[in-house]
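Report on the following structure.
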Amino acid sequence: MTVPPKTILLNEGEKSHAVYFVKSGCLRMWINNNGNEITTQFFFEGKAIASMESLLKNEKSDFTLESIEQCTLLVMPKNQFMELLESNTEFKKWFDKLILDRFFYYSKHLITYLKDKPLDRYNELLKKHPHILQRVPQHYIASYLGITPVSLSRIRNRK
């Protein structure tokens with residue numbers, strides 16, 4: 001399926017019914033904190049995303065999933081995903097690796113968020129994921145870094 005920018009694929013509080021594979025474009029995962037959107041992760045080409053807890057436990061999603069750019073996505077319905085997970089050992093290995101990689105990513109992100117200053121978080125993002133700075137609007141990057149767009153502008157102007 002192809003979706004334009006700013007398309008909501010899953011709303012916080014809804015149950016997830018699919019896994020999305022990004023063929024082209026960028027998706028953003030975010031949470032609502034008292035009316036403020038906090039970006040938690042970006043997903044680009046070759047990545048898979050779903051609210052796994054919602055999908056696997058039939059619970060409400062803790063986050064919203066939205067397109068930033070026009071995206072071409074492969075969509076796997078929940079029933080097909082669950083069937084593959086149970087019947088295909090290669091798919092199960094792929095999924096286990098995906099979950100482990102996601103866990104490591106979130107662990108590092110949390111530690112960086114707690115330990116590093118905004119400038120250090122920005123420099124790390126610039127070093128490890130420069131494509132994000134080229135493709136994602138500044139206000140989303142600021143919320144991902146845990147700072148205001150004005151603070152991000154100041155950091156970028158110092159460089």
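Convention: chains lettered A, B, ... in structure tokens order; per-chain residue numbering from 1; ligands numbered from 1 as shown.
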_Shell of 12 Å around stretch 128-144 of chain A, only C-alpha atoms, local chain residues under 6 positions omitted, as a count of residues only_ = 40
*Which residues in chain A does DSSP call helix (DSSP H, G or I)? List them as a ChimeraX atom specification.*
/A:52-57,78-87,89-115,118-128,130-135,138-145,149-158
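Closest approach to A:Trp94 among A:Leu73, A:Lys115, A:Lys78, A:Lys47: A:Lys47, based on only C-alpha atoms.
Nearest to A:Met52 of all the residues A:Lys23, A:His17, A:Lys6, A:Lys92 is A:His17, based on only C-alpha atoms.
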_Gap from atom CA of A:Gly13 to atom CA of A:Leu55 - Å, one decimal_ = 12.4 Å
